[in-house]
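Enquirer: What follows is coords.txt, compact mmCIF, C-alpha atoms and all ligand atoms.
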```
# COMPACT_ATOMS: atom_id res chain seq x y z
CA MET E 1 79.92 117.78 -29.31
CA SER E 2 78.38 120.09 -26.73
CA PRO E 3 75.45 122.21 -27.92
CA SER E 4 76.48 125.74 -28.80
CA ALA E 5 75.21 128.22 -26.24
CA GLN E 6 73.81 130.33 -29.04
CA GLU E 7 71.56 127.53 -30.29
CA ASP E 8 69.42 127.31 -27.17
CA ASP E 9 68.53 130.33 -25.07
CA SER E 10 67.56 128.14 -22.11
CA ILE E 11 71.18 127.11 -21.59
CA LEU E 12 72.58 130.59 -21.87
CA PRO E 13 73.74 132.10 -18.58
CA CYS E 14 71.76 135.23 -17.77
CA HIS E 15 74.48 136.77 -15.61
CA VAL E 16 78.16 136.22 -16.40
CA GLY E 17 80.83 137.60 -14.07
CA ILE E 18 84.48 137.89 -15.08
CA ILE E 19 87.65 138.13 -13.00
CA MET E 20 89.92 139.78 -15.55
CA ASP E 21 93.24 138.39 -14.38
CA GLY E 22 96.65 138.27 -16.06
CA ASN E 23 97.21 141.88 -17.13
CA GLY E 24 100.50 142.13 -15.23
CA ARG E 25 101.91 138.84 -16.55
CA TRP E 26 100.82 139.70 -20.08
CA ALA E 27 102.76 142.97 -19.83
CA ARG E 28 105.84 141.36 -18.20
CA ALA E 29 106.03 138.75 -20.98
CA ARG E 30 106.34 141.65 -23.43
CA GLY E 31 108.86 143.61 -21.39
CA LYS E 32 106.23 146.28 -20.63
CA GLY E 33 105.04 147.87 -17.38
CA ARG E 34 101.96 146.56 -15.53
CA LEU E 35 99.91 149.60 -16.53
CA GLU E 36 100.33 148.72 -20.18
CA GLY E 37 98.72 145.37 -19.34
CA HIS E 38 95.80 147.17 -17.67
CA ARG E 39 95.46 149.50 -20.66
CA GLN E 40 95.26 146.54 -23.02
CA GLY E 41 92.90 144.83 -20.56
CA ALA E 42 90.64 147.87 -20.60
CA GLU E 43 90.34 147.56 -24.39
CA VAL E 44 89.31 143.93 -24.01
CA ALA E 45 86.79 144.94 -21.32
CA ARG E 46 85.31 147.32 -23.86
CA ASN E 47 85.10 144.57 -26.48
CA VAL E 48 83.72 141.91 -24.17
CA VAL E 49 80.57 143.99 -23.61
CA ARG E 50 79.90 143.81 -27.36
CA TRP E 51 80.73 140.09 -27.57
CA ALA E 52 78.51 139.26 -24.60
CA THR E 53 75.67 141.28 -26.15
CA ASP E 54 76.09 139.44 -29.48
CA LEU E 55 76.03 136.09 -27.69
CA GLY E 56 72.83 136.89 -25.78
CA VAL E 57 74.13 137.49 -22.24
CA LYS E 58 71.79 139.80 -20.29
CA GLN E 59 74.03 140.85 -17.40
CA LEU E 60 77.80 141.07 -17.43
CA SER E 61 79.82 141.95 -14.37
CA LEU E 62 83.50 142.81 -14.55
CA TYR E 63 85.81 142.85 -11.53
CA ALA E 64 87.64 146.10 -12.22
CA PHE E 65 88.99 146.92 -8.74
CA SER E 66 88.68 144.95 -5.53
CA THR E 67 88.70 146.24 -1.96
CA GLU E 68 92.11 144.54 -1.66
CA ASN E 69 93.57 146.22 -4.77
CA TRP E 70 94.21 149.43 -2.75
CA GLU E 71 97.26 147.62 -1.33
CA ARG E 72 98.93 147.48 -4.77
CA PRO E 73 101.83 149.86 -5.52
CA ARG E 74 100.62 153.47 -5.33
CA LEU E 75 101.47 154.17 -8.96
CA GLU E 76 99.47 151.17 -10.15
CA VAL E 77 96.42 152.20 -8.11
CA ARG E 78 96.68 155.74 -9.45
CA GLY E 79 97.11 154.40 -13.00
CA LEU E 80 94.03 152.17 -12.70
CA MET E 81 91.96 155.08 -11.40
CA SER E 82 92.98 157.39 -14.23
CA LEU E 83 92.35 154.59 -16.72
CA LEU E 84 88.79 154.33 -15.40
CA ALA E 85 88.30 158.11 -15.44
CA ILE E 86 89.42 158.24 -19.08
CA LEU E 87 87.78 155.04 -20.28
CA LEU E 88 84.27 155.74 -19.03
CA PRO E 89 83.60 159.00 -20.92
CA LYS E 90 85.35 157.49 -23.96
CA THR E 91 83.04 154.46 -24.06
CA LEU E 92 79.86 156.32 -23.21
CA PRO E 93 78.85 156.98 -26.86
CA GLU E 94 79.10 153.20 -27.54
CA MET E 95 76.98 152.48 -24.47
CA MET E 96 74.36 155.00 -25.60
CA GLU E 97 74.33 153.54 -29.11
CA SER E 98 73.92 149.93 -28.00
CA GLN E 99 71.59 150.66 -25.07
CA VAL E 100 74.00 149.32 -22.44
CA ARG E 101 72.76 149.92 -18.89
CA PHE E 102 75.81 150.82 -16.83
CA ARG E 103 75.80 149.96 -13.15
CA ILE E 104 78.19 149.75 -10.25
CA LEU E 105 78.58 147.14 -7.54
CA GLY E 106 80.78 148.29 -4.68
CA ASP E 107 81.42 151.33 -2.53
CA ILE E 108 82.51 154.20 -4.74
CA SER E 109 82.78 156.74 -1.90
CA PRO E 110 86.59 156.44 -1.43
CA LEU E 111 87.33 156.73 -5.17
CA PRO E 112 88.89 159.86 -6.67
CA ASN E 113 86.38 162.55 -7.58
CA SER E 114 87.03 162.18 -11.31
CA VAL E 115 86.11 158.47 -11.21
CA ARG E 116 83.06 159.03 -9.01
CA LYS E 117 81.79 161.74 -11.35
CA ALA E 118 82.32 159.63 -14.48
CA VAL E 119 80.66 156.61 -12.85
CA LYS E 120 77.63 158.54 -11.58
CA HIS E 121 77.16 160.21 -14.96
CA ALA E 122 77.32 156.88 -16.84
CA CYS E 123 74.81 155.32 -14.39
CA GLU E 124 72.39 158.24 -14.72
CA VAL E 125 72.37 158.60 -18.49
CA THR E 126 72.06 154.86 -19.15
CA ALA E 127 69.54 154.07 -16.37
CA HIS E 128 66.62 153.71 -18.80
CA HIS E 129 68.52 151.56 -21.31
CA THR E 130 67.11 148.16 -22.19
CA GLY E 131 70.21 146.38 -23.53
CA ILE E 132 72.82 144.38 -21.65
CA GLU E 133 73.44 145.42 -18.04
CA LEU E 134 77.12 146.11 -17.53
CA ILE E 135 77.96 145.89 -13.84
CA ILE E 136 81.40 147.20 -13.00
CA CYS E 137 82.58 145.87 -9.65
CA LEU E 138 84.54 148.77 -8.29
CA ASN E 139 86.05 148.87 -4.82
CA TYR E 140 84.05 145.68 -4.48
CA GLY E 141 84.55 142.85 -2.01
CA GLY E 142 82.17 139.94 -1.49
CA GLN E 143 82.90 139.79 2.25
CA GLN E 144 82.28 143.53 2.58
CA GLU E 145 78.98 143.14 0.72
CA ILE E 146 77.90 140.40 3.14
CA ILE E 147 78.87 142.48 6.19
CA ALA E 148 76.88 145.45 4.81
CA ALA E 149 73.87 143.12 4.43
CA VAL E 150 74.30 141.84 8.01
CA ARG E 151 74.22 145.44 9.24
CA GLU E 152 71.06 146.15 7.25
CA THR E 153 69.48 142.90 8.46
CA LEU E 154 70.19 143.79 12.11
CA GLN E 155 68.55 147.17 11.59
CA TRP E 156 65.54 145.55 9.96
CA ILE E 157 65.22 142.99 12.76
CA GLY E 158 65.51 145.82 15.32
CA SER E 159 62.54 147.54 13.68
CA GLN E 160 60.27 144.48 13.95
CA THR E 161 57.81 144.02 16.84
CA ASP E 162 58.53 140.31 17.11
CA GLN E 163 62.30 140.24 16.68
CA GLN E 164 62.65 136.55 17.58
CA GLN E 165 60.23 135.63 14.84
CA ALA E 166 61.88 137.94 12.30
CA LEU E 167 65.20 136.27 13.04
CA ALA E 168 63.69 132.78 12.82
CA GLU E 169 62.12 133.62 9.47
CA LEU E 170 65.34 134.93 7.93
CA THR E 171 66.04 132.91 4.78
CA PRO E 172 68.84 133.16 2.21
CA GLU E 173 66.34 134.79 -0.18
CA ARG E 174 65.33 137.41 2.42
CA PHE E 175 68.98 138.05 3.29
CA ARG E 176 69.83 138.53 -0.39
CA GLN E 177 67.24 141.29 -0.45
CA MET E 178 69.49 143.18 1.97
CA MET E 179 72.52 142.89 -0.28
CA TRP E 180 73.85 145.41 -2.81
CA ARG E 181 72.99 142.79 -5.45
CA ARG E 182 69.29 142.67 -4.56
CA ASP E 183 68.20 143.72 -8.06
CA ILE E 184 70.94 141.91 -9.94
CA ALA E 185 70.20 138.42 -11.25
CA PRO E 186 72.05 135.61 -9.44
CA LEU E 187 75.42 134.90 -10.97
CA ASP E 188 75.21 131.93 -13.37
CA LEU E 189 78.72 131.72 -14.73
CA LEU E 190 81.95 132.98 -13.17
CA ILE E 191 84.89 133.17 -15.57
CA ARG E 192 88.44 133.75 -14.36
CA THR E 193 91.25 134.32 -16.82
CA GLY E 194 94.97 134.16 -16.09
CA GLY E 195 95.26 130.57 -14.83
CA GLU E 196 94.57 131.07 -11.11
CA MET E 197 91.78 129.02 -9.56
CA ARG E 198 90.41 131.33 -6.92
CA ILE E 199 87.29 133.43 -6.40
CA SER E 200 89.23 136.30 -4.80
CA ASN E 201 86.28 137.86 -2.92
CA PHE E 202 84.18 138.21 -6.10
CA HIS E 203 80.41 137.63 -5.89
CA LEU E 204 80.86 135.41 -2.81
CA TRP E 205 77.18 135.02 -1.99
CA ASP E 206 76.14 133.96 -5.50
CA ALA E 207 79.25 131.85 -6.02
CA ALA E 208 77.32 129.26 -3.96
CA TYR E 209 75.67 127.91 -7.11
CA ALA E 210 77.42 129.67 -9.99
CA GLU E 211 79.26 127.52 -12.50
CA LEU E 212 83.00 128.21 -12.39
CA TYR E 213 85.14 128.39 -15.50
CA PHE E 214 88.90 128.93 -15.40
CA THR E 215 91.11 129.58 -18.40
CA ASP E 216 94.87 130.10 -18.70
CA VAL E 217 94.40 132.88 -21.25
CA PHE E 218 95.65 136.22 -19.91
CA TRP E 219 92.90 138.85 -19.92
CA PRO E 220 94.48 141.08 -22.60
CA ASP E 221 94.44 138.05 -24.96
CA PHE E 222 90.84 137.06 -24.19
CA SER E 223 88.79 136.84 -27.40
CA LYS E 224 85.20 136.36 -28.49
CA GLN E 225 86.05 132.68 -29.16
CA ASP E 226 87.22 132.34 -25.55
CA LEU E 227 83.91 133.75 -24.33
CA GLN E 228 82.00 131.44 -26.67
CA GLN E 229 83.99 128.49 -25.33
CA ALA E 230 83.08 129.41 -21.74
CA LEU E 231 79.40 129.64 -22.73
CA ASP E 232 79.61 126.26 -24.47
CA VAL E 233 81.13 124.64 -21.38
CA TYR E 234 78.37 126.25 -19.29
CA ALA E 235 75.75 124.84 -21.68
CA SER E 236 77.19 121.35 -21.24
CA ARG E 237 76.99 121.48 -17.41
CA GLU E 238 74.10 120.20 -15.37
CA ARG E 239 73.13 122.63 -12.59
CA ARG E 240 71.73 120.54 -9.80
CA TYR E 241 71.53 122.93 -6.83
CA GLY E 242 72.07 120.02 -4.46
CA LEU E 243 69.46 117.79 -6.13
CA THR E 244 70.02 114.58 -8.10
CA SER E 245 70.15 114.30 -11.88
CA GLU E 246 66.86 112.37 -11.79
CA GLN E 247 65.11 115.12 -9.84
CA ILE E 248 66.37 117.74 -12.30
CA ALA E 249 65.10 115.66 -15.22
CA THR E 250 61.65 115.37 -13.57
CA CYS E 251 61.50 119.17 -13.01
CA MET E 252 62.40 119.76 -16.66
CA ASP E 253 59.68 117.31 -17.81
CA LYS E 254 57.09 119.15 -15.71
CA GLU E 255 58.18 122.53 -17.09
CA ALA E 256 58.02 121.29 -20.72
C1 LIG L 301 94.08 141.71 -12.55
O1 LIG L 301 95.26 141.47 -13.28
C2 LIG L 301 93.43 142.93 -13.05
C3 LIG L 301 93.07 143.98 -12.28
C4 LIG L 301 93.28 144.04 -10.83
C5 LIG L 301 92.45 145.19 -12.87
C6 LIG L 301 91.46 144.95 -13.94
C7 LIG L 301 91.27 146.22 -14.67
C8 LIG L 301 91.16 146.36 -16.00
C9 LIG L 301 91.08 145.23 -16.94
C10 LIG L 301 91.11 147.72 -16.60
C11 LIG L 301 89.91 148.52 -16.33
C12 LIG L 301 88.64 147.79 -16.55
C13 LIG L 301 87.41 148.31 -16.70
C14 LIG L 301 86.25 147.40 -16.75
C15 LIG L 301 87.13 149.72 -16.82
P1 LIG L 301 96.65 141.47 -12.49
O2 LIG L 301 97.18 142.84 -12.51
O3 LIG L 301 96.46 140.91 -11.13
O4 LIG L 301 97.50 140.51 -13.39
P2 LIG L 301 98.68 139.54 -12.87
O5 LIG L 301 98.03 138.51 -11.98
O6 LIG L 301 99.19 138.95 -14.14
O7 LIG L 301 99.68 140.39 -12.16
```
Let me see the structure of the file written as structure tokens.
Ligand code: FPP
Expert:
Amino acid sequence: MSPSAQEDDSILPCHVGIIMDGNGRWARARGKGRLEGHRQGAEVARNVVRWATDLGVKQLSLYAFSTENWERPRLEVRGLMSLLAILLPKTLPEMMESQVRFRILGDISPLPNSVRKAVKHACEVTAHHTGIELIICLNYGGQQEIIAAVRETLQWIGSQTDQQQALAELTPERFRQMMWRRDIAPLDLLIRTGGEMRISNFHLWDAAYAELYFTDVFWPDFSKQDLQQALDVYASRERRYGLTSEQIATCMDKEA
């Protein structure tokens, strides 16, 4: 039996990211419209923050709206935006109570005013909180994040006296410092519900070494047990970062 993630903090992922997929199919299976699936999904998103807190996760990122989601039917986009505008103020008292630090990853500038206002307010009033960090990925795209970091890197290199050297010394760690995620812990575990096995432009940079976990469960049916199962699978994996098992064992011996 694999060790339960709750039994050993060292095998708990610090940062868990979730692609909340399957809302539309969940709704269709019940003869309902897609927005009903998103509404139910939003309730689960609210619950998963509590479950993740209970299970000891420190950072939770939820893929609420991708840069590609603008291409969905106009009514669905509008529905998702109003859902966000309603949900945020509604969940704020819970976030205050449980010290959730609310953050955004993505470019919120093209979002409707009501969403931008709700998002900014939630970020401001929870900025000093010490509980779980809830990172909502909103108008987020991993490729777009990388391009933004390339732009910043080019500017930084341009400002250096020895540009050749600055370029030669550019490492993945230095580049990550240019990314929107610079003060977010690297992604440890990426969960995708809904049965598809894709990353869909989510956390591309950190997906390099994140553990991937796919489940057929549609997001509106996702439960605390499903999250626990994902954490248990994570705990049973060996993260090698390109090394061998023997090297990992030696590192662990030295650390002990
Ligand atoms: C993917 O399911 C889901 C989305 C694109 C939106 C996710 C949004 C929510 C769960 C609600 C708001 C969330 C927060 C955190 C405020 P899909 O529509 O692609 O499902 P399908 O593949 O079955 O069609």
Enquirer: Could you build a table of the residues in chain E lying no more than 7 Å from ligand LIG 301 (chain L), giving for each the nearest pair of atoms and their separation in Å rounded to one decimal place, using all atoms listed in the file, ordered by chain and ascending residue number, as CSV?
Expert:
```
residue,atom,partner,partner_atom,distance
E:Met20,CA,L:LIG301,C2,5.3
E:Asp21,CA,L:LIG301,O1,3.8
E:Gly22,CA,L:LIG301,O6,3.3
E:Asn23,CA,L:LIG301,O4,4.0
E:Gly24,CA,L:LIG301,O6,3.6
E:Arg25,CA,L:LIG301,O6,3.6
E:Trp26,CA,L:LIG301,O6,6.2
E:Arg34,CA,L:LIG301,O2,6.8
E:His38,CA,L:LIG301,C10,4.8
E:Arg39,CA,L:LIG301,C10,6.2
E:Gly41,CA,L:LIG301,C9,4.1
E:Ala42,CA,L:LIG301,C10,4.0
E:Ala45,CA,L:LIG301,C14,5.2
E:Leu62,CA,L:LIG301,C14,5.8
E:Tyr63,CA,L:LIG301,C6,6.5
E:Ala64,CA,L:LIG301,C6,4.3
E:Phe65,CA,L:LIG301,C4,5.6
E:Asn69,CA,L:LIG301,C4,6.4
E:Leu80,CA,L:LIG301,C11,6.6
E:Leu83,CA,L:LIG301,C11,6.6
E:Leu84,CA,L:LIG301,C15,5.1
E:Leu87,CA,L:LIG301,C15,6.4
E:Ile136,CA,L:LIG301,C14,6.1
E:Gly194,CA,L:LIG301,O6,6.7
```
Enquirer: Please dump the current selection as a PDB file, in the coordinates of the input; keep C-alpha atoms.
Expert:
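Result file again_1.pdb:
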```
ATOM      1  CA  MET E  20      89.920 139.780 -15.550  1.00  0.00           C
ATOM      2  CA  ASP E  21      93.240 138.390 -14.380  1.00  0.00           C
ATOM      3  CA  GLY E  22      96.650 138.270 -16.060  1.00  0.00           C
ATOM      4  CA  ASN E  23      97.210 141.880 -17.130  1.00  0.00           C
ATOM      5  CA  GLY E  24     100.500 142.130 -15.230  1.00  0.00           C
ATOM      6  CA  ARG E  25     101.910 138.840 -16.550  1.00  0.00           C
ATOM      7  CA  TRP E  26     100.820 139.700 -20.080  1.00  0.00           C
ATOM      8  CA  ARG E  34     101.960 146.560 -15.530  1.00  0.00           C
ATOM      9  CA  HIS E  38      95.800 147.170 -17.670  1.00  0.00           C
ATOM     10  CA  ARG E  39      95.460 149.500 -20.660  1.00  0.00           C
ATOM     11  CA  GLY E  41      92.900 144.830 -20.560  1.00  0.00           C
ATOM     12  CA  ALA E  42      90.640 147.870 -20.600  1.00  0.00           C
ATOM     13  CA  ALA E  45      86.790 144.940 -21.320  1.00  0.00           C
ATOM     14  CA  LEU E  62      83.500 142.810 -14.550  1.00  0.00           C
ATOM     15  CA  TYR E  63      85.810 142.850 -11.530  1.00  0.00           C
ATOM     16  CA  ALA E  64      87.640 146.100 -12.220  1.00  0.00           C
ATOM     17  CA  PHE E  65      88.990 146.920  -8.740  1.00  0.00           C
ATOM     18  CA  ASN E  69      93.570 146.220  -4.770  1.00  0.00           C
ATOM     19  CA  LEU E  80      94.030 152.170 -12.700  1.00  0.00           C
ATOM     20  CA  LEU E  83      92.350 154.590 -16.720  1.00  0.00           C
ATOM     21  CA  LEU E  84      88.790 154.330 -15.400  1.00  0.00           C
ATOM     22  CA  LEU E  87      87.780 155.040 -20.280  1.00  0.00           C
ATOM     23  CA  ILE E 136      81.400 147.200 -13.000  1.00  0.00           C
ATOM     24  CA  GLY E 194      94.970 134.160 -16.090  1.00  0.00           C
TER      25      GLY E 194
END
```
Enquirer: Within 12 Å of range 199-204 of chain E, counting all atoms listed in the file, which residues qualify if same-chain residues fewer than 5 places away don't, as an NGL selection string?
Expert: :E and (15-21 or 61-69 or 105-106 or 135-147 or 176 or 179-181 or 184-193 or 209-214)
Enquirer: Measuring between only C-alpha atoms, which one of E:Val77, E:Leu60, E:Val100, E:Ala27 shows the shortest distance to Ala127 in chain E?
Expert: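 Distance minimum relative to Ala127 in chain E lands on E:Val100.
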Enquirer: Can you work out the spacing between CA of Pro13 in chain E and CA of Tyr234 in chain E in Å, to one decimal?
Expert: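 If I compute the distance from CA of Pro13 in chain E to CA of Tyr234 in chain E, I get 7.5 Å.
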Enquirer: Which residue is closest to Glu43 in chain E? Choose from E:Pro110, E:Ala208, E:Phe222, E:His129 and count all atoms listed in the file.
Expert: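 Ranking E:Pro110, E:Ala208, E:Phe222, E:His129 by distance to Glu43 in chain E, first place goes to E:Phe222.
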Enquirer: Skipping near chain neighbours, those fewer than 3 positions away, what residues fall within 9 Å of Val44 in chain E using only C-alpha atoms, listed as an mmCIF file with C-alpha atoms, in the frame of the given file?
Expert:
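For reference, result_30.cif as written:
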```
data_model
loop_
_atom_site.group_PDB
_atom_site.id
_atom_site.type_symbol
_atom_site.label_atom_id
_atom_site.label_comp_id
_atom_site.auth_asym_id
_atom_site.auth_seq_id
_atom_site.Cartn_x
_atom_site.Cartn_y
_atom_site.Cartn_z
ATOM 1 C CA ARG E 39 95.460 149.500 -20.660
ATOM 2 C CA GLN E 40 95.260 146.540 -23.020
ATOM 3 C CA GLY E 41 92.900 144.830 -20.560
ATOM 4 C CA ASN E 47 85.100 144.570 -26.480
ATOM 5 C CA VAL E 48 83.720 141.910 -24.170
ATOM 6 C CA VAL E 49 80.570 143.990 -23.610
ATOM 7 C CA TRP E 219 92.900 138.850 -19.920
ATOM 8 C CA PRO E 220 94.480 141.080 -22.600
ATOM 9 C CA ASP E 221 94.440 138.050 -24.960
ATOM 10 C CA PHE E 222 90.840 137.060 -24.190
ATOM 11 C CA SER E 223 88.790 136.840 -27.400
#
```
Enquirer: Excluding same-chain residues fewer than 2 positions from range 113-126 of chain E, what lies within 6 Å of it counting all atoms listed in the file, as number ranges by chain?
Expert: E: 85, 101-103, 128-129
Enquirer: Could you tell me which of E:Lys58, E:Gln177, E:Glu133, E:Asp107 comes closest to Met95 in chain E if we count all atoms listed in the file?
Expert: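 Answer, going by the shortest atom-to-atom distance: E:Glu133.
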Enquirer: In Å, how far is it from CA of Glu173 in chain E to CA of Arg151 in chain E?
Expert: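 CA of Arg151 in chain E lies at a distance of 16.3 Å from CA of Glu173 in chain E.
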Enquirer: Go through E:Gly158, E:Gly31, E:Ala52, E:Gln59 one by one, measure the shortest atom-to-atom distance of each to Gln225 in chain E using all atoms listed in the file, and give the residue with the smallest value.
Expert: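 Result for the nearest residue to Gln225 in chain E: E:Ala52.
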Enquirer: Around all listed atoms of range 169-181 of chain E, padded 4 Å per side, what centre and edge lengths does the axis-aligned box have in Å to one decimal, as JSON?
Expert:
```
{"center_x": 68.0, "center_y": 139.2, "center_z": 2.0, "size_x": 19.7, "size_y": 20.5, "size_z": 22.9}
```
